[in-house]
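Participant: For reference, the file model-v1.cif (mmCIF, C-alpha atoms) is included below:
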data_query
loop_
_atom_site.group_PDB
_atom_site.id
_atom_site.type_symbol
_atom_site.label_atom_id
_atom_site.label_comp_id
_atom_site.auth_asym_id
_atom_site.auth_seq_id
_atom_site.Cartn_x
_atom_site.Cartn_y
_atom_site.Cartn_z
ATOM 1 C CA MET Q 1 74.352 5.841 60.184
ATOM 2 C CA SER Q 2 73.071 5.183 56.692
ATOM 3 C CA THR Q 3 70.370 7.111 54.867
ATOM 4 C CA THR Q 4 68.172 5.987 51.964
ATOM 5 C CA ALA Q 5 67.234 8.327 49.189
ATOM 6 C CA VAL Q 6 63.501 8.819 48.690
ATOM 7 C CA PRO Q 7 62.503 9.246 45.044
ATOM 8 C CA THR Q 8 60.923 12.627 44.442
ATOM 9 C CA THR Q 9 59.275 11.777 41.133
ATOM 10 C CA ALA Q 10 56.496 9.248 40.486
ATOM 11 C CA PRO Q 11 57.134 6.404 38.103
ATOM 12 C CA ALA Q 12 56.610 7.202 34.443
ATOM 13 C CA GLU Q 13 53.896 4.555 34.203
ATOM 14 C CA GLN Q 14 51.760 6.321 36.836
ATOM 15 C CA VAL Q 15 52.151 9.735 35.193
ATOM 16 C CA THR Q 16 51.191 8.549 31.769
ATOM 17 C CA GLY Q 17 48.377 6.392 33.133
ATOM 18 C CA SER Q 18 46.720 9.242 35.035
ATOM 19 C CA ALA Q 19 47.118 11.833 32.287
ATOM 20 C CA ALA Q 20 45.962 9.763 29.282
ATOM 21 C CA LYS Q 21 42.245 8.874 29.009
ATOM 22 C CA PRO Q 22 41.313 5.336 28.069
ATOM 23 C CA PRO Q 23 40.032 4.951 24.496
ATOM 24 C CA ARG Q 24 36.252 5.098 24.166
ATOM 25 C CA THR Q 25 34.739 1.761 23.314
ATOM 26 C CA ARG Q 26 31.557 1.603 21.224
ATOM 27 C CA ARG Q 27 28.665 -0.180 22.739
ATOM 28 C CA ARG Q 28 27.174 -3.134 21.007
ATOM 29 C CA GLY Q 29 24.966 -2.049 18.119
ATOM 30 C CA GLU Q 30 26.338 1.507 18.095
ATOM 31 C CA ARG Q 31 27.545 2.673 14.697
ATOM 32 C CA SER Q 32 30.563 4.810 14.013
ATOM 33 C CA ARG Q 33 30.280 8.323 12.629
ATOM 34 C CA SER Q 34 31.415 7.234 9.203
ATOM 35 C CA ALA Q 35 28.828 4.446 9.105
ATOM 36 C CA SER Q 36 26.079 6.850 10.204
ATOM 37 C CA ALA Q 37 27.115 9.390 7.573
ATOM 38 C CA ALA Q 38 27.149 6.697 4.892
ATOM 39 C CA SER Q 39 23.701 5.380 5.865
ATOM 40 C CA HIS Q 40 22.224 8.893 5.919
ATOM 41 C CA GLY Q 41 23.752 9.597 2.522
ATOM 42 C CA ILE Q 42 22.296 6.407 1.039
ATOM 43 C CA LEU Q 43 18.856 7.173 2.491
ATOM 44 C CA THR Q 44 19.003 10.709 1.115
ATOM 45 C CA VAL Q 45 19.854 9.462 -2.365
ATOM 46 C CA ALA Q 46 17.107 6.822 -2.184
ATOM 47 C CA SER Q 47 14.569 9.460 -1.093
ATOM 48 C CA VAL Q 48 15.522 11.730 -3.982
ATOM 49 C CA ILE Q 49 15.183 8.845 -6.441
ATOM 50 C CA ALA Q 50 11.760 7.936 -5.018
ATOM 51 C CA LEU Q 51 10.430 11.515 -4.994
ATOM 52 C CA PHE Q 52 11.829 12.610 -8.343
ATOM 53 C CA PRO Q 53 9.134 10.947 -10.524
ATOM 54 C CA VAL Q 54 6.387 12.499 -8.397
ATOM 55 C CA ALA Q 55 7.981 15.949 -8.524
ATOM 56 C CA TRP Q 56 8.537 15.596 -12.269
ATOM 57 C CA LEU Q 57 4.880 14.657 -12.812
ATOM 58 C CA VAL Q 58 3.727 17.709 -10.852
ATOM 59 C CA TYR Q 59 6.108 19.882 -12.858
ATOM 60 C CA LEU Q 60 4.817 18.571 -16.199
ATOM 61 C CA SER Q 61 1.218 19.082 -15.086
ATOM 62 C CA LEU Q 62 1.870 22.840 -14.879
ATOM 63 C CA GLY Q 63 2.746 23.111 -18.581
ATOM 64 C CA PRO Q 64 -0.049 24.662 -20.662
ATOM 65 C CA ASP Q 65 0.734 22.828 -23.917
ATOM 66 C CA LYS Q 66 0.449 19.128 -24.663
ATOM 67 C CA ASP Q 67 3.982 19.023 -26.131
ATOM 68 C CA ASP Q 68 5.687 20.700 -23.170
ATOM 69 C CA TYR Q 69 7.028 17.360 -22.009
ATOM 70 C CA LEU Q 70 9.356 17.457 -25.026
ATOM 71 C CA HIS Q 71 10.803 20.791 -23.859
ATOM 72 C CA PRO Q 72 10.487 20.742 -20.033
ATOM 73 C CA GLY Q 73 12.806 23.717 -19.611
ATOM 74 C CA ARG Q 74 10.190 26.047 -21.136
ATOM 75 C CA ILE Q 75 7.537 25.170 -18.542
ATOM 76 C CA TRP Q 76 9.218 27.197 -15.800
ATOM 77 C CA SER Q 77 8.467 30.537 -17.491
ATOM 78 C CA LYS Q 78 4.785 29.781 -18.233
ATOM 79 C CA MET Q 79 3.533 27.686 -15.329
ATOM 80 C CA THR Q 80 -0.235 27.648 -14.921
ATOM 81 C CA PHE Q 81 -2.988 25.742 -13.145
ATOM 82 C CA ASP Q 82 -5.268 25.785 -16.196
ATOM 83 C CA ASN Q 83 -4.815 22.051 -16.682
ATOM 84 C CA TYR Q 84 -6.330 21.342 -13.278
ATOM 85 C CA ALA Q 85 -9.219 23.692 -13.956
ATOM 86 C CA PHE Q 86 -9.916 22.027 -17.312
ATOM 87 C CA VAL Q 87 -9.850 18.526 -15.800
ATOM 88 C CA LEU Q 88 -12.209 19.480 -12.983
ATOM 89 C CA GLN Q 89 -14.644 21.424 -15.187
ATOM 90 C CA HIS Q 90 -14.629 19.771 -18.615
ATOM 91 C CA THR Q 91 -14.052 16.072 -17.968
ATOM 92 C CA ASN Q 92 -15.843 13.314 -16.078
ATOM 93 C CA PHE Q 93 -13.384 13.632 -13.230
ATOM 94 C CA PHE Q 94 -15.970 13.503 -10.447
ATOM 95 C CA GLU Q 95 -17.725 10.551 -12.081
ATOM 96 C CA TRP Q 96 -14.382 8.761 -12.162
ATOM 97 C CA LEU Q 97 -13.823 9.715 -8.527
ATOM 98 C CA LYS Q 98 -17.209 8.342 -7.491
ATOM 99 C CA SER Q 99 -16.671 5.083 -9.359
ATOM 100 C CA SER Q 100 -13.146 4.645 -7.998
ATOM 101 C CA LEU Q 101 -14.240 5.242 -4.410
ATOM 102 C CA ILE Q 102 -17.235 2.907 -4.678
ATOM 103 C CA VAL Q 103 -15.157 0.104 -6.146
ATOM 104 C CA SER Q 104 -12.121 0.644 -3.895
ATOM 105 C CA LEU Q 105 -14.027 0.974 -0.629
ATOM 106 C CA GLY Q 106 -16.309 -1.923 -1.551
ATOM 107 C CA THR Q 107 -13.293 -4.107 -2.291
ATOM 108 C CA THR Q 108 -11.668 -3.025 0.969
ATOM 109 C CA VAL Q 109 -14.674 -3.773 3.173
ATOM 110 C CA ILE Q 110 -15.709 -7.069 1.571
ATOM 111 C CA GLY Q 111 -12.190 -8.284 0.858
ATOM 112 C CA VAL Q 112 -10.812 -7.574 4.330
ATOM 113 C CA MET Q 113 -13.807 -9.157 6.035
ATOM 114 C CA VAL Q 114 -13.563 -12.357 3.977
ATOM 115 C CA ALA Q 115 -9.779 -12.475 4.366
ATOM 116 C CA ALA Q 116 -10.001 -11.877 8.136
ATOM 117 C CA THR Q 117 -12.492 -14.681 8.723
ATOM 118 C CA THR Q 118 -10.459 -17.008 6.490
ATOM 119 C CA GLY Q 119 -7.167 -16.179 8.169
ATOM 120 C CA TYR Q 120 -8.670 -16.532 11.644
ATOM 121 C CA ALA Q 121 -10.244 -19.899 10.829
ATOM 122 C CA VAL Q 122 -6.979 -21.316 9.496
ATOM 123 C CA SER Q 123 -5.007 -19.854 12.398
ATOM 124 C CA ARG Q 124 -7.270 -21.168 15.186
ATOM 125 C CA MET Q 125 -9.202 -24.152 13.839
ATOM 126 C CA ARG Q 126 -7.896 -27.494 12.634
ATOM 127 C CA PHE Q 127 -10.517 -28.690 10.171
ATOM 128 C CA PRO Q 128 -9.839 -31.200 7.373
ATOM 129 C CA GLY Q 129 -7.991 -29.549 4.522
ATOM 130 C CA TYR Q 130 -7.121 -26.304 6.285
ATOM 131 C CA ARG Q 131 -3.555 -26.438 4.978
ATOM 132 C CA LYS Q 132 -4.710 -27.179 1.443
ATOM 133 C CA LEU Q 133 -7.076 -24.216 1.612
ATOM 134 C CA MET Q 134 -4.198 -21.783 2.097
ATOM 135 C CA TRP Q 135 -2.219 -23.398 -0.699
ATOM 136 C CA VAL Q 136 -5.220 -23.120 -3.022
ATOM 137 C CA LEU Q 137 -5.422 -19.410 -2.221
ATOM 138 C CA LEU Q 138 -1.737 -19.088 -3.001
ATOM 139 C CA VAL Q 139 -2.070 -20.926 -6.318
ATOM 140 C CA THR Q 140 -4.804 -18.546 -7.467
ATOM 141 C CA GLN Q 141 -2.253 -15.727 -7.371
ATOM 142 C CA MET Q 142 -0.109 -17.477 -9.994
ATOM 143 C CA PHE Q 143 -2.530 -17.073 -12.910
ATOM 144 C CA PRO Q 144 -1.922 -14.020 -15.131
ATOM 145 C CA ILE Q 145 -4.704 -11.520 -15.704
ATOM 146 C CA ALA Q 146 -4.918 -12.354 -19.416
ATOM 147 C CA VAL Q 147 -5.937 -15.927 -18.540
ATOM 148 C CA LEU Q 148 -8.550 -14.854 -15.982
ATOM 149 C CA ILE Q 149 -10.349 -12.151 -17.958
ATOM 150 C CA VAL Q 150 -12.260 -14.462 -20.322
ATOM 151 C CA PRO Q 151 -13.713 -16.867 -17.713
ATOM 152 C CA MET Q 152 -14.466 -14.004 -15.326
ATOM 153 C CA TYR Q 153 -16.282 -12.122 -18.076
ATOM 154 C CA GLN Q 154 -18.333 -15.218 -18.836
ATOM 155 C CA ILE Q 155 -19.247 -15.651 -15.166
ATOM 156 C CA LEU Q 156 -20.219 -11.996 -14.742
ATOM 157 C CA SER Q 157 -22.220 -12.117 -17.956
ATOM 158 C CA ASP Q 158 -24.194 -15.137 -16.714
ATOM 159 C CA LEU Q 159 -24.838 -13.322 -13.432
ATOM 160 C CA GLN Q 160 -25.719 -10.086 -15.268
ATOM 161 C CA LEU Q 161 -23.016 -8.205 -13.392
ATOM 162 C CA VAL Q 162 -21.082 -6.838 -16.369
ATOM 163 C CA ASP Q 163 -20.866 -3.028 -16.243
ATOM 164 C CA SER Q 164 -21.793 -2.999 -12.542
ATOM 165 C CA TYR Q 165 -19.892 -1.910 -9.476
ATOM 166 C CA LEU Q 166 -20.662 -5.134 -7.621
ATOM 167 C CA GLY Q 167 -19.228 -7.267 -10.413
ATOM 168 C CA LEU Q 168 -15.978 -5.311 -10.462
ATOM 169 C CA VAL Q 169 -15.757 -5.432 -6.650
ATOM 170 C CA LEU Q 170 -16.094 -9.224 -6.693
ATOM 171 C CA VAL Q 171 -13.401 -9.485 -9.361
ATOM 172 C CA TYR Q 172 -11.011 -7.379 -7.304
ATOM 173 C CA CYS Q 173 -11.801 -9.394 -4.179
ATOM 174 C CA SER Q 174 -10.740 -12.542 -6.025
ATOM 175 C CA THR Q 175 -7.227 -11.072 -6.302
ATOM 176 C CA ALA Q 176 -7.047 -9.246 -2.959
ATOM 177 C CA VAL Q 177 -8.488 -11.906 -0.639
ATOM 178 C CA PRO Q 178 -5.786 -14.596 -1.147
ATOM 179 C CA TYR Q 179 -2.912 -12.258 -0.262
ATOM 180 C CA CYS Q 180 -4.787 -10.628 2.623
ATOM 181 C CA ALA Q 181 -5.777 -14.031 4.022
ATOM 182 C CA TRP Q 182 -2.124 -15.101 4.172
ATOM 183 C CA LEU Q 183 -1.171 -11.771 5.706
ATOM 184 C CA LEU Q 184 -3.848 -11.869 8.403
ATOM 185 C CA LYS Q 185 -3.265 -15.539 9.144
ATOM 186 C CA GLY Q 186 0.331 -14.701 10.039
ATOM 187 C CA TYR Q 187 -0.846 -11.813 12.197
ATOM 188 C CA PHE Q 188 -3.482 -13.899 14.017
ATOM 189 C CA ASP Q 189 -0.744 -16.424 14.829
ATOM 190 C CA THR Q 190 0.975 -13.734 16.932
ATOM 191 C CA ILE Q 191 -2.118 -13.228 19.124
ATOM 192 C CA PRO Q 192 -2.038 -15.595 22.145
ATOM 193 C CA PHE Q 193 -4.558 -18.417 22.025
ATOM 194 C CA GLU Q 194 -5.342 -17.769 25.703
ATOM 195 C CA ILE Q 195 -7.426 -14.770 24.622
ATOM 196 C CA ASP Q 196 -9.789 -17.088 22.743
ATOM 197 C CA GLU Q 197 -10.030 -19.348 25.783
ATOM 198 C CA ALA Q 198 -10.801 -16.365 28.013
ATOM 199 C CA GLY Q 199 -13.598 -15.369 25.649
ATOM 200 C CA ARG Q 200 -15.109 -18.846 25.821
ATOM 201 C CA VAL Q 201 -14.936 -18.783 29.609
ATOM 202 C CA ASP Q 202 -16.870 -15.511 29.567
ATOM 203 C CA GLY Q 203 -19.555 -17.159 27.429
ATOM 204 C CA LEU Q 204 -18.696 -15.668 24.047
ATOM 205 C CA SER Q 205 -19.377 -17.622 20.889
ATOM 206 C CA PRO Q 206 -16.564 -18.125 18.335
ATOM 207 C CA PHE Q 207 -17.934 -15.206 16.295
ATOM 208 C CA GLY Q 208 -18.246 -13.089 19.426
ATOM 209 C CA THR Q 209 -14.651 -13.853 20.381
ATOM 210 C CA PHE Q 210 -13.521 -13.001 16.877
ATOM 211 C CA PHE Q 211 -15.355 -9.690 16.590
ATOM 212 C CA ARG Q 212 -15.057 -8.455 20.186
ATOM 213 C CA LEU Q 213 -11.585 -9.644 21.195
ATOM 214 C CA ILE Q 214 -9.454 -10.631 18.209
ATOM 215 C CA LEU Q 215 -10.309 -7.944 15.653
ATOM 216 C CA PRO Q 216 -9.460 -5.020 17.975
ATOM 217 C CA LEU Q 217 -6.056 -6.593 18.645
ATOM 218 C CA ALA Q 218 -5.517 -7.224 14.933
ATOM 219 C CA ARG Q 219 -6.048 -3.605 13.940
ATOM 220 C CA PRO Q 220 -2.521 -3.108 12.499
ATOM 221 C CA GLY Q 221 -2.868 -6.206 10.334
ATOM 222 C CA LEU Q 222 -6.317 -5.122 9.184
ATOM 223 C CA ALA Q 223 -4.892 -1.721 8.259
ATOM 224 C CA VAL Q 224 -2.257 -3.319 6.014
ATOM 225 C CA ALA Q 225 -4.823 -5.600 4.382
ATOM 226 C CA GLY Q 226 -7.196 -2.688 3.870
ATOM 227 C CA PHE Q 227 -4.501 -0.516 2.354
ATOM 228 C CA TYR Q 228 -3.437 -3.285 -0.029
ATOM 229 C CA SER Q 229 -7.048 -3.936 -1.099
ATOM 230 C CA PHE Q 230 -7.716 -0.228 -1.627
ATOM 231 C CA ILE Q 231 -4.593 0.313 -3.724
ATOM 232 C CA THR Q 232 -5.230 -2.836 -5.760
ATOM 233 C CA ALA Q 233 -8.724 -1.703 -6.722
ATOM 234 C CA PHE Q 234 -7.880 1.972 -7.121
ATOM 235 C CA GLY Q 235 -5.082 1.598 -9.656
ATOM 236 C CA GLU Q 236 -6.116 -1.501 -11.622
ATOM 237 C CA VAL Q 237 -6.651 -1.063 -15.369
ATOM 238 C CA ALA Q 238 -7.187 -4.382 -17.165
ATOM 239 C CA PHE Q 239 -10.289 -5.593 -15.323
ATOM 240 C CA ALA Q 240 -11.862 -2.142 -15.093
ATOM 241 C CA SER Q 241 -11.457 -1.403 -18.801
ATOM 242 C CA THR Q 242 -12.935 -4.814 -19.712
ATOM 243 C CA PHE Q 243 -15.901 -5.078 -17.338
ATOM 244 C CA MET Q 244 -16.983 -1.408 -17.158
ATOM 245 C CA LEU Q 245 -18.599 -0.349 -20.432
ATOM 246 C CA SER Q 246 -20.281 2.965 -19.520
ATOM 247 C CA ASP Q 247 -18.290 6.185 -19.599
ATOM 248 C CA THR Q 248 -19.875 7.321 -16.349
ATOM 249 C CA LYS Q 249 -18.681 4.167 -14.566
ATOM 250 C CA TYR Q 250 -15.020 4.432 -15.546
ATOM 251 C CA THR Q 251 -12.531 4.415 -12.710
ATOM 252 C CA PHE Q 252 -9.570 6.782 -12.625
ATOM 253 C CA ALA Q 253 -7.233 4.253 -14.192
ATOM 254 C CA VAL Q 254 -9.531 3.845 -17.196
ATOM 255 C CA GLY Q 255 -10.424 7.528 -17.395
ATOM 256 C CA LEU Q 256 -6.775 8.454 -17.792
ATOM 257 C CA GLN Q 257 -6.704 6.507 -21.044
ATOM 258 C CA SER Q 258 -9.208 8.925 -22.584
ATOM 259 C CA PHE Q 259 -6.451 11.546 -22.879
ATOM 260 C CA ILE Q 260 -4.439 9.289 -25.182
ATOM 261 C CA SER Q 261 -5.862 8.384 -28.587
ATOM 262 C CA GLU Q 262 -4.456 7.167 -31.870
ATOM 263 C CA HIS Q 263 -3.964 10.662 -33.282
ATOM 264 C CA ASP Q 264 -3.675 12.815 -30.176
ATOM 265 C CA ALA Q 265 -1.967 12.683 -26.774
ATOM 266 C CA GLN Q 266 -2.880 15.320 -24.191
ATOM 267 C CA ARG Q 267 -0.160 14.495 -21.746
ATOM 268 C CA HIS Q 268 -0.418 17.772 -19.860
ATOM 269 C CA LEU Q 269 -4.037 16.975 -18.927
ATOM 270 C CA MET Q 270 -3.106 13.402 -18.157
ATOM 271 C CA ALA Q 271 -0.365 14.586 -15.787
ATOM 272 C CA ALA Q 272 -2.753 16.963 -14.015
ATOM 273 C CA THR Q 273 -5.329 14.193 -13.611
ATOM 274 C CA ALA Q 274 -2.677 11.833 -12.262
ATOM 275 C CA VAL Q 275 -1.742 14.375 -9.595
ATOM 276 C CA LEU Q 276 -5.400 14.728 -8.591
ATOM 277 C CA VAL Q 277 -5.782 10.949 -8.523
ATOM 278 C CA ALA Q 278 -2.987 10.685 -5.956
ATOM 279 C CA ILE Q 279 -4.881 12.836 -3.435
ATOM 280 C CA PRO Q 280 -7.440 10.190 -2.303
ATOM 281 C CA VAL Q 281 -4.721 7.547 -2.037
ATOM 282 C CA SER Q 282 -2.538 9.872 0.023
ATOM 283 C CA ALA Q 283 -5.463 10.672 2.315
ATOM 284 C CA PHE Q 284 -6.194 6.972 2.831
ATOM 285 C CA PHE Q 285 -2.530 6.292 3.527
ATOM 286 C CA TYR Q 286 -2.488 9.093 6.103
ATOM 287 C CA LEU Q 287 -5.418 7.493 7.930
ATOM 288 C CA VAL Q 288 -3.797 4.063 8.245
ATOM 289 C CA GLN Q 289 -0.099 4.946 8.416
ATOM 290 C CA LYS Q 290 0.093 4.532 12.215
ATOM 291 C CA ASN Q 291 -0.768 0.858 11.928
ATOM 292 C CA LEU Q 292 1.072 0.019 8.699
ATOM 293 C CA VAL Q 293 4.549 -0.541 10.142
ATOM 294 C CA ALA Q 294 3.279 -2.595 13.073
ATOM 295 C CA GLY Q 295 1.097 -4.668 10.780
ATOM 296 C CA LEU Q 296 3.858 -5.324 8.258
ATOM 297 C CA THR Q 297 6.358 -6.479 10.880
ATOM 298 C CA ALA Q 298 4.168 -8.294 13.395
ATOM 299 C CA GLY Q 299 3.080 -11.044 11.049
ATOM 300 C CA GLY Q 300 6.662 -11.975 10.180
ATOM 301 C CA THR Q 301 7.375 -13.831 13.451
ATOM 302 C CA LYS Q 302 5.194 -15.911 15.661
ATOM 303 C CA GLY Q 303 5.209 -14.741 19.253
#
Rewrite the structure of this file - the entire thing - as structure tokens.

Facilitator:
Amino acid sequence: MSTTAVPTTAPAEQVTGSAAKPPRTRRRGERSRSASAASHGILTVASVIALFPVAWLVYLSLGPDKDDYLHPGRIWSKMTFDNYAFVLQHTNFFEWLKSSLIVSLGTTVIGVMVAATTGYAVSRMRFPGYRKLMWVLLVTQMFPIAVLIVPMYQILSDLQLVDSYLGLVLVYCSTAVPYCAWLLKGYFDTIPFEIDEAGRVDGLSPFGTFFRLILPLARPGLAVAGFYSFITAFGEVAFASTFMLSDTKYTFAVGLQSFISEHDAQRHLMAATAVLVAIPVSAFFYLVQKNLVAGLTAGGTKG
């Protein structure tokens, strides 16, 4: 009678296979820890570089003397808010604020409305020369300001709009409308054409469809166009200093130049005014920030 030996130990392959865990595989699009750390480090450095000029401007605005920018280390021991008090009490700051808001908001309202109607017409209607119209708008952006100032001044002088808010608003619209029209045209292309057809079925006119159906859907694109128009008018210098002759009608960008003369440079007051100037822009950005990212990305592809 023969007997067979039964192995008492499991094969080595089974032991090692059950004890060792399989290596973790990264899913598609998932970054490694080193890549995440590198990207966070790059973003941190970029943020510091972007915020440093702003922080440095605020720091210089706290120096009481006009030459403190030459010795910034001395500002720390004598910081004061006297510069802000002087700007608010002894300059035309509020006149500059009024002029800047009138011009910037006027440019935003008129420019965005003209650009929206232009972009919608080119996006939806096929009239003769609609392609050439967009190219003409693009070509107008190629002319430098130095070439445009003289003919624009002549036109405003003939219309008696020199040294007027309306004249400056129209000048700024001539630079803001072409870009905003291209931007909004790309955004209107992403809105399905079936919405226009549904509006016609319900008895809406083309203007009714545009105002009641399309504009609410194009809110992110309108926010981007409005922000661009506001910033363009708020910080522009060349046109404002040429077409606005009265001291009470200076915008912020022109008013800042009053602190720098041939024989004197009050940079501490200029820095304080620059910090105050940034407040309205920051407030406007806060109001439209929710729609900025969606508006900037949606017009890039046609859905």

Participant: I'd like to see the residues matched by the PyMOL selection byres ((chain Q and resi 178) around 8) on this file, and ideally I'd get them as a list in words.

Facilitator: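 Those residues are Ala115, Leu137, Leu138, Thr140, Gln141, Ser174, Thr175, Ala176, Val177, Tyr179, Cys180, Ala181 and Trp182 of chain Q.
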
Participant: Could you tell me which of Q:Gly129, Q:Gly41, Q:Gly221, Q:Pro64 comes closest to Phe86 in chain Q if we count all atoms listed in the file?

Facilitator: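 Looking at the shortest contact to Phe86 in chain Q, the residue is Q:Pro64.
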
Participant: Determine the residue membership of the PyMOL selection byres ((chain Q and resi 253-270) around 6) for the file above and supply it as an MDAnalysis selection string.

Facilitator: chainID Q and resid 61 66 83 235 237 241 250:252 271:273

Participant: Once the PyMOL selection byres ((chain Q and resi 144-152) around 12) has been applied to the shown file, what residues remain in the selection, as a ChimeraX atom specification?

Facilitator: /Q:139-143,153-162,167-168,170-172,174-175,236-243

Participant: How many Å separate CA of Arg124 in chain Q from CA of Ala233 in chain Q?

Facilitator: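 Between CA of Arg124 in chain Q and CA of Ala233 in chain Q the gap works out to 29.3 Å.
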
Participant: Just how far from CA of Met113 in chain Q is CA of Met134 in chain Q, in Å to one decimal?

Facilitator: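 Computing it gives 16.3 Å between the two atoms.
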
Participant: Quick one: pull the distance between CA of Arg212 in chain Q and CA of Ile102 in chain Q, Å, one decimal.

Facilitator: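 Computed distance, CA of Arg212 in chain Q to CA of Ile102 in chain Q, equals 27.4 Å.
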
Participant: Residues at most 9 Å from Lys185 in chain Q, counting only C-alpha atoms, excluding those fewer than 6 positions away in the same chain, as a PyMOL selection string?

Facilitator: chain Q and resi 115-116+118-123+299

Participant: Determine the nearest neighbour of Leu62 in chain Q from the options Q:Leu133, Q:Ala37, Q:Ala85, Q:Ala46, counting all atoms listed in the file.

Facilitator: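 Using all atoms listed in the file, the shortest distance to Leu62 in chain Q belongs to Q:Ala85.
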
Participant: For a quick check of understanding, using all atoms listed in the file, which of Q:Leu101, Q:Val136, Q:Leu183, Q:Ala283 has the smallest distance to Tyr228 in chain Q?

Facilitator: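 Going through Q:Leu101, Q:Val136, Q:Leu183, Q:Ala283 one by one, the smallest distance to Tyr228 in chain Q is for Q:Leu183.
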
Participant: Using all atoms of range 242-253 of chain Q listed in the file and a margin of 3 Å per side, can you give the axis-aligned box centre and edge lengths in Å to one decimal, as lines of an AutoDock Vina configuration file?

Facilitator:
center_x = -13.8
center_y = 1.1
center_z = -16.5
size_x = 19.0
size_y = 18.4
size_z = 13.8

Participant: Set the distance at 12 Å and use only C-alpha atoms: which residues neighbour Glu194 in chain Q once local chain neighbours fewer than 3 positions away are removed? I'd like the list as a tab-separated table (two decimals) with C-alpha atoms, keeping the file's coordinate frame.

Facilitator:
chain	number	residue	atom	x	y	z
Q	124	ARG	CA	-7.27	-21.17	15.19
Q	189	ASP	CA	-0.74	-16.42	14.83
Q	190	THR	CA	0.98	-13.73	16.93
Q	191	ILE	CA	-2.12	-13.23	19.12
Q	197	GLU	CA	-10.03	-19.35	25.78
Q	198	ALA	CA	-10.80	-16.36	28.01
Q	199	GLY	CA	-13.60	-15.37	25.65
Q	200	ARG	CA	-15.11	-18.85	25.82
Q	201	VAL	CA	-14.94	-18.78	29.61
Q	209	THR	CA	-14.65	-13.85	20.38
Q	213	LEU	CA	-11.58	-9.64	21.20
Q	214	ILE	CA	-9.45	-10.63	18.21
